[in-house]
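Student: Take a look at the following structure, please.
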Amino acid sequence: MASKSVETKRFGEKRQAIINAASTLINEVGVQATTLSEVASAIGLNATSITYYFKRKEQLVVAVYEDTLTRMESIAREALAQPDTAARLRHFLKLHIALRTRIRSGESGLLTALSEIRSLDQEAQQPLLLHYRQIIETVQAFFGGSEDRDVRALNLARAHILLEAIMWWPIWSRRYSVLDFSRVEDRLFDILAHGLSADCGHWTPERLEGDWRTSEPDATSQNDAFLRAATVMINQRGYRGASVNRIAKALNVTKGSFYHHHEAKDELVLACFQRSYDRLSAVQLAALDVDADYWTRLSSALHELVDLQFNDPMPLLRTTALQALESTQKADVVTRSNRLARRFAGILIDGIADGSLRAVDPLIASQVIMSTINSAYEARRWTERFDDREEAIRTYLSVLSRGMLSDPSGG
C-alpha cells in the first residue's frame with residue numbers, strides 16, 4: 001500500500017514537471033512551436049515517456065492552461081475572502097506580484113499566457129473558457145453584489161480590466177528589479193483604485209478627426225482587406241486558429257492572392273501590428289493637438305481608441321498574437337508598444353503638471369492604459385447591454401476616470 005502511494009506521488013510530481021516545462025515553452029514560443037520532444041528534453045525524458053502522461057500534445061496544452069487557471073482561481077478566491085473592496089484589490093495584486101517574484105527568481109511553469117486558448121478545438125477550449133469566466137465572476141464579486149443592471153455591468157468591466165492589467169505585467173515589468181516590486185504594487189493599486197483624473201469622474205472627451213477609422217469595404221485595397229480580416233480573425237481565434245485558408249475564405253479569394261501580398265503568415269501578423277500601432281499613434285498625436293488640459297487630451301484619445309475596439313470593423317490587433325512570433329519579431333513589437341506607452345506617460349506627466357491629472361506613477365499608469373485599450377476588443381459583447389454606445393465607452397473607461405473604488409452610482 002505504501003509503495004503504491006509513493007508511486008502515485010512520483011507520477012503526480014513527474015506530471016507536474018512536464019506541465020511546468022510545457023508552460024515555459026508555450027510562454028517562449030507559443031503552442032504551435034511547442035513539441036512533445038522539446039518538453040521531454042527539458043526535463044531529461046524522451047518523447048515516448050511523455051505519452052505515458054499525455055497521449056497527445058493537445059491534452060498536455062489543456063493541462064497547462066488548466067493549471068494556470070486553477071492557480072488564478074485560488075488567488076481570486078483568497079482575495080475575495082478579504083473584508084472589503086480595497087482589501088480585496090490590494091490582496092489580489094499582492095498575491096499575483098508575489099507569484100511573479102517567484103517566476104523572476106527562477107521558478108518555471110507557474111503561469112502560462114492564456115492567449116492561445118481559442119486556437120484549440122472547440123471541445124478542448126470550452127471547459128477552459130468556462131473556467132476563466134468563473135474567475136471573472138469571482139473577481140467581479142470583489143466589488144460587491146447588486147441587482148442593478150448598470151452596477152453589474154460596471155463591476156464586470158472592472159473585473160475584466162483588472163485581470164488584463166495583471167496579465168499585461170510580463171510585457172513591461174522586466175524593466176523593474178524585484179526589489180522595486182513592492183513599490184510598483186503600491187503605485188499600481190493607487191492607479192486602479194482611484195483612477196487618473198484629478199477631478200474624479202470628470203469625462204468630457206472631444207471628438208478627434210483622422211483617417212484611423214476603417215473605410216467602407218468597397219473603398220479598401222485587397223491588402224487592406226487582408227489586414228482587416230486577419231486582425232479580426234486573430235483577435236477571435238488566436239494566431240494558430242487564423243489560418244491562411246480561413247483568411248482567404250473570409251474574403252472569397254484564393255491562397256495565391258494572400259501570398260501575392262505577404263510571403264508568410266508571420267509577415268501578415270507583423271503588418272497587422274504595424275497598422276494597429278500606426279492608428280494608435282495617429283490618435284495620440286491628434287489628441288495632443290486638442291486645445292484643452294491634458295486630462296481632456298488623454299480622455300479624448302482613450303475615447304477614440306476604445307470606440308475603435310468596440311465598434312470599428314477593424315479593431316486594433318490584440319497582443320495575444322505576440323506569443324506565436326519569433327523572439328526578434330516579438331521584441332520589435334514590444335519595443336513599439338513601449339514607445340506608445342511612453343507617449344501616454346508624457347501626456348500623464350504634463351497633466352500632473354497642469355493639475356488635471358492625479359500625481360500617479362506615469363510609467364506604470366501608461367501600461368495600465370495600454371492593457372485597458374488592448375483588452376477592450378474582448379468587451380464587444382459586454383457593450384451589447386447598452387442602448388447608447390457612448391454610455392458603454394464612458395462606463396468602461398470609468399476605471400481610468402474614477403477608479404475601481406469609486407461609488408458605482410457616480411456619487
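Please note that chains go A, B, ... in the order of the C-alpha cells, that every chain numbers its residues from 1, and that ligands are numbered from 1 in the order shown.
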Could you give me, as a list of chain:residue names, the residues within 8 Å of Arg187 in chain A, counting only C-alpha atoms and dropping anything in the same chain fewer than 4 positions from it?
Tutor: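 So, after excluding close chain neighbours, the residues are A:Arg183, A:Ile191, A:Val360, A:Asp361, A:Ile364.
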Student: Write the residues of the selection above to a file with N, CA and C atoms, as a PDB file, in the first residue's frame.
Tutor:
ATOM      1  N   ARG A 183       7.065  48.630  -4.320  1.00  0.00           N
ATOM      2  CA  ARG A 183       6.674  49.985  -4.696  1.00  0.00           C
ATOM      3  C   ARG A 183       5.756  49.963  -5.924  1.00  0.00           C
ATOM      4  N   ILE A 191      -3.384  53.534  -8.846  1.00  0.00           N
ATOM      5  CA  ILE A 191      -3.945  53.845 -10.170  1.00  0.00           C
ATOM      6  C   ILE A 191      -5.276  53.136 -10.371  1.00  0.00           C
ATOM      7  N   VAL A 360       0.150  60.340 -10.202  1.00  0.00           N
ATOM      8  CA  VAL A 360       0.374  58.898 -10.278  1.00  0.00           C
ATOM      9  C   VAL A 360       1.753  58.638 -10.878  1.00  0.00           C
ATOM     10  N   ASP A 361       2.195  57.382 -10.802  1.00  0.00           N
ATOM     11  CA  ASP A 361       3.426  56.999 -11.486  1.00  0.00           C
ATOM     12  C   ASP A 361       3.110  56.915 -12.978  1.00  0.00           C
ATOM     13  N   ILE A 364       3.951  53.444 -14.945  1.00  0.00           N
ATOM     14  CA  ILE A 364       3.045  52.337 -14.627  1.00  0.00           C
ATOM     15  C   ILE A 364       1.648  52.634 -15.152  1.00  0.00           C
TER      16      ILE A 364
END
Student: Taking 3 positions as the minimum chain separation for residues in the same chain, which residues sit within 6 Å of Pro205 in chain A when counting only C-alpha atoms? Answer as a list in words.
Tutor: Thr296, Ser299 and Ser300 of chain A
Student: Please, what distance in Å, to one decimal, runs between CA of Ser371 in chain A and CA of Ala165 in chain A?
Tutor: 5.7 Å
Student: Given the choices A:Phe386, A:Phe143, A:Trp169, A:Phe54, which gets closest to Asp407 in chain A if the distance is worked out from only C-alpha atoms?
Tutor: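 Closest to Asp407 in chain A of all the choices is A:Phe143.
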Student: List the spatial neighbours of Arg394 in chain A as a PDB file with N, CA and C atoms, in the first residue's frame - criterion: any atom at most 9 Å away, only C-alpha atoms, same-chain residues fewer than 6 positions off excluded.
Tutor:
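Final output, saved to out_20.pdb:
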ATOM      1  N   TRP A 203     -15.497  63.722 -17.250  1.00  0.00           N
ATOM      2  CA  TRP A 203     -15.434  62.996 -18.528  1.00  0.00           C
ATOM      3  C   TRP A 203     -16.052  63.842 -19.636  1.00  0.00           C
ATOM      4  N   HIS A 303     -11.145  57.680 -25.450  1.00  0.00           N
ATOM      5  CA  HIS A 303     -12.488  57.536 -26.011  1.00  0.00           C
ATOM      6  C   HIS A 303     -12.409  57.029 -27.447  1.00  0.00           C
ATOM      7  N   SER A 401     -11.111  57.043 -15.297  1.00  0.00           N
ATOM      8  CA  SER A 401     -11.554  58.393 -14.922  1.00  0.00           C
ATOM      9  C   SER A 401     -11.922  58.492 -13.443  1.00  0.00           C
TER      10      SER A 401
END
Student: Would you pick out the contacts of Ser37 in chain A at 8 Å or less, using only C-alpha atoms, so that residues sharing its chain but fewer than 4 positions from it are not included, and give the list as a ChimeraX atom specification?
Tutor: /A:41,46-47
Student: Just N, CA and C atoms for this one: save the residues we selected as a short mmCIF file (atom, residue, chain, number, x, y, z; two decimals), in the first residue's frame.
Tutor:
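To be explicit, this is the file written out as selection.cif:
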data_model
loop_
_atom_site.label_atom_id
_atom_site.label_comp_id
_atom_site.auth_asym_id
_atom_site.auth_seq_id
_atom_site.Cartn_x
_atom_site.Cartn_y
_atom_site.Cartn_z
N SER A 41 12.79 16.80 -23.57
CA SER A 41 14.21 17.13 -23.47
C SER A 41 14.49 18.08 -22.30
N ASN A 46 12.42 11.19 -22.80
CA ASN A 46 12.24 11.12 -24.24
C ASN A 46 10.76 11.29 -24.56
N ALA A 47 10.44 11.56 -25.82
CA ALA A 47 9.07 11.88 -26.21
C ALA A 47 8.12 10.73 -25.89
#
Student: Excluding range 10-14 of chain A and residues on its chain fewer than 2 positions from it, collect all residues at most 12 Å away from it, counting only C-alpha atoms, and give them as an MDAnalysis selection string.
Tutor: chainID A and resid 3:8 16:21 40 43:45 49:50 52:54
Student: To one decimal in Å, tell me the separation between CA of Ser281 in chain A and CA of Gln309 in chain A.
Tutor: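 Taking CA of Ser281 in chain A and CA of Gln309 in chain A, their separation equals 14.8 Å.
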Student: Mind giving me the straight-line distance from CA of Val64 in chain A to CA of Ser23 in chain A in Å, one decimal?
Tutor: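 Rounded to one decimal, the two atoms are 6.0 Å apart.
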Student: Kindly indicate which residue among A:Ser356, A:Glu378, A:Glu58, A:Lys9 lies nearest to Ala292 in chain A, using only C-alpha atoms for the distances.
Tutor: A:Ser356
Student: Determine the nearest neighbour of His91 in chain A from the options A:Glu137, A:Asp148, A:Asp186, A:Glu164, counting only C-alpha atoms.
Tutor: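 Looking at the shortest contact to His91 in chain A, the residue is A:Asp186.
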Student: Measuring between only C-alpha atoms, which one of A:Met404, A:Val232, A:Leu302, A:Ala42 shows the shortest distance to Gln140 in chain A?
Tutor: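 So, comparing all the options, the nearest one is A:Met404.
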Student: Any chance you could list, as a PyMOL selection string, the residues in range 128-316 of chain A that come up helix (DSSP H, G or I) when DSSP is run on the backbone?
Tutor: chain A and resi 128-143+149-167+169-175+178-194+217-219+222-241+244-251+255-261+265-288+294-311
Student: Selection from above, C-alpha atoms, as a CSV table (one decimal), in the first residue's frame, can you write it?
Tutor:
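Saved as part.csv:
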chain,number,residue,atom,x,y,z
A,128,LEU,CA,-11.1,26.3,-20.2
A,129,LEU,CA,-13.2,29.4,-21.3
A,130,LEU,CA,-15.9,28.4,-18.7
A,131,HIS,CA,-13.2,28.2,-16.0
A,132,TYR,CA,-11.9,31.6,-17.0
A,133,ARG,CA,-15.5,33.0,-16.8
A,134,GLN,CA,-15.7,31.7,-13.3
A,135,ILE,CA,-12.6,33.5,-12.4
A,136,ILE,CA,-14.0,36.7,-13.9
A,137,GLU,CA,-17.2,36.2,-11.8
A,138,THR,CA,-15.1,35.8,-8.6
A,139,VAL,CA,-13.1,39.0,-9.3
A,140,GLN,CA,-16.4,40.8,-10.2
A,141,ALA,CA,-17.6,39.9,-6.7
A,142,PHE,CA,-14.7,41.9,-5.2
A,143,PHE,CA,-16.8,45.0,-5.9
A,149,ARG,CA,-28.1,46.3,-14.2
A,150,ASP,CA,-25.8,49.2,-14.6
A,151,VAL,CA,-23.8,48.4,-11.5
A,152,ARG,CA,-23.4,44.8,-12.6
A,153,ALA,CA,-22.1,46.0,-16.0
A,154,LEU,CA,-19.6,48.4,-14.3
A,155,ASN,CA,-18.3,45.7,-12.0
A,156,LEU,CA,-17.9,43.2,-14.8
A,157,ALA,CA,-15.8,45.8,-16.7
A,158,ARG,CA,-13.7,46.4,-13.6
A,159,ALA,CA,-13.0,42.7,-13.3
A,160,HIS,CA,-12.1,42.4,-17.0
A,161,ILE,CA,-9.7,45.4,-16.8
A,162,LEU,CA,-8.1,44.2,-13.6
A,163,LEU,CA,-7.4,40.8,-14.9
A,164,GLU,CA,-6.0,42.2,-18.1
A,165,ALA,CA,-3.8,44.6,-16.2
A,166,ILE,CA,-2.3,41.6,-14.3
A,167,MET,CA,-1.8,39.6,-17.5
A,169,TRP,CA,2.5,42.5,-16.3
A,170,PRO,CA,5.2,40.4,-18.2
A,171,ILE,CA,5.1,43.0,-21.1
A,172,TRP,CA,6.6,45.8,-19.0
A,173,SER,CA,7.7,44.6,-15.6
A,174,ARG,CA,11.1,43.3,-16.7
A,175,ARG,CA,12.3,46.9,-16.6
A,178,VAL,CA,12.2,42.6,-7.9
A,179,LEU,CA,13.5,44.9,-5.2
A,180,ASP,CA,11.1,47.5,-6.6
A,181,PHE,CA,8.1,45.2,-6.9
A,182,SER,CA,6.7,46.4,-3.5
A,183,ARG,CA,6.7,50.0,-4.7
A,184,VAL,CA,5.2,49.0,-8.1
A,185,GLU,CA,2.5,47.2,-6.3
A,186,ASP,CA,1.6,50.3,-4.3
A,187,ARG,CA,1.6,52.5,-7.4
A,188,LEU,CA,-0.5,50.0,-9.4
A,189,PHE,CA,-3.0,49.8,-6.6
A,190,ASP,CA,-3.3,53.6,-6.4
A,191,ILE,CA,-3.9,53.8,-10.2
A,192,LEU,CA,-6.5,51.1,-10.3
A,193,ALA,CA,-8.2,52.1,-7.0
A,194,HIS,CA,-8.5,55.9,-7.7
A,217,PRO,CA,-15.3,47.7,-47.9
A,218,ASP,CA,-15.6,48.8,-51.5
A,219,ALA,CA,-13.1,51.6,-50.9
A,222,GLN,CA,-7.1,44.0,-51.3
A,223,ASN,CA,-4.1,44.3,-48.9
A,224,ASP,CA,-6.2,46.4,-46.5
A,225,ALA,CA,-8.9,43.8,-46.7
A,226,PHE,CA,-6.4,41.1,-45.8
A,227,LEU,CA,-5.2,43.1,-42.8
A,228,ARG,CA,-8.7,43.7,-41.6
A,229,ALA,CA,-9.8,40.0,-42.0
A,230,ALA,CA,-6.6,38.8,-40.4
A,231,THR,CA,-6.8,41.2,-37.4
A,232,VAL,CA,-10.4,40.2,-36.6
A,233,MET,CA,-9.7,36.5,-37.1
A,234,ILE,CA,-6.5,36.6,-34.9
A,235,ASN,CA,-8.4,38.5,-32.2
A,236,GLN,CA,-11.2,35.9,-32.3
A,237,ARG,CA,-9.2,32.7,-32.8
A,238,GLY,CA,-5.6,33.4,-31.9
A,239,TYR,CA,-2.6,33.0,-34.2
A,240,ARG,CA,-2.9,29.3,-34.8
A,241,GLY,CA,-6.7,29.5,-35.4
A,244,VAL,CA,-4.3,31.5,-44.3
A,245,ASN,CA,-7.1,29.3,-45.7
A,246,ARG,CA,-9.6,30.8,-43.3
A,247,ILE,CA,-8.5,34.4,-44.0
A,248,ALA,CA,-8.7,33.8,-47.8
A,249,LYS,CA,-12.1,32.2,-47.5
A,250,ALA,CA,-13.4,35.1,-45.4
A,251,LEU,CA,-12.5,37.4,-48.3
A,255,LYS,CA,-4.5,31.5,-51.1
A,256,GLY,CA,-2.4,32.7,-54.0
A,257,SER,CA,-3.9,36.1,-53.6
A,258,PHE,CA,-2.7,36.1,-50.0
A,259,TYR,CA,0.8,35.1,-50.9
A,260,HIS,CA,0.9,37.8,-53.6
A,261,HIS,CA,0.8,40.4,-50.8
A,265,LYS,CA,1.7,34.4,-42.2
A,266,ASP,CA,4.2,35.9,-39.7
A,267,GLU,CA,4.7,38.8,-42.1
A,268,LEU,CA,1.0,39.4,-42.2
A,269,VAL,CA,0.8,39.4,-38.3
A,270,LEU,CA,3.7,42.0,-38.2
A,271,ALA,CA,1.8,44.1,-40.8
A,272,CYS,CA,-1.3,43.9,-38.6
A,273,PHE,CA,0.7,45.1,-35.6
A,274,GLN,CA,2.2,47.9,-37.7
A,275,ARG,CA,-1.2,49.1,-38.9
A,276,SER,CA,-2.7,48.9,-35.4
A,277,TYR,CA,0.2,50.8,-33.8
A,278,ASP,CA,0.2,53.4,-36.7
A,279,ARG,CA,-3.5,54.0,-35.9
A,280,LEU,CA,-2.9,54.2,-32.2
A,281,SER,CA,-0.1,56.7,-32.7
A,282,ALA,CA,-2.2,58.9,-35.0
A,283,VAL,CA,-4.9,59.1,-32.4
A,284,GLN,CA,-2.4,60.1,-29.7
A,285,LEU,CA,-1.0,62.8,-31.9
A,286,ALA,CA,-4.5,64.1,-32.8
A,287,ALA,CA,-5.3,64.2,-29.1
A,288,LEU,CA,-2.2,66.3,-28.3
A,294,TYR,CA,-4.1,67.2,-20.6
A,295,TRP,CA,-6.8,65.1,-19.0
A,296,THR,CA,-9.1,66.2,-21.7
A,297,ARG,CA,-6.5,65.3,-24.3
A,298,LEU,CA,-5.9,61.9,-22.7
A,299,SER,CA,-9.6,61.1,-22.3
A,300,SER,CA,-10.2,62.1,-26.0
A,301,ALA,CA,-7.6,59.6,-27.1
A,302,LEU,CA,-8.9,56.9,-24.8
A,303,HIS,CA,-12.5,57.5,-26.0
A,304,GLU,CA,-11.4,57.3,-29.7
A,305,LEU,CA,-9.3,54.1,-29.2
A,306,VAL,CA,-11.9,52.3,-27.1
A,307,ASP,CA,-14.6,53.3,-29.7
A,308,LEU,CA,-12.4,51.6,-32.3
A,309,GLN,CA,-12.2,48.5,-30.2
A,310,PHE,CA,-15.9,48.4,-29.6
A,311,ASN,CA,-17.3,49.4,-32.9
Student: Using only C-alpha atoms, can you tell me which of A:Ala22, A:Ala331, A:Leu357, A:Ile103 comes closest to Cys200 in chain A?
Tutor: A:Leu357
Student: For Val368 in chain A, which residue out of A:Thr383, A:Gln329, A:Asn338, A:Thr395 is the nearest one, using only C-alpha atoms?
Tutor: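 Closest candidate: A:Asn338.
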Student: Find the residues around Ser337 in chain A up to 9 Å (only C-alpha atoms counted), leave out those fewer than 5 positions away in its own chain, and share them as number ranges by chain.
Tutor: A: 277, 332, 342, 370
Student: For the residues in the current selection, export C-alpha atoms as a compact mmCIF listing (two decimals), in the first residue's frame.
Tutor:
# COMPACT_ATOMS: atom_id res chain seq x y z
CA TYR A 277 0.22 50.85 -33.84
CA ASP A 332 10.33 44.63 -32.15
CA ARG A 342 5.94 56.29 -23.21
CA MET A 370 -2.22 50.12 -22.86
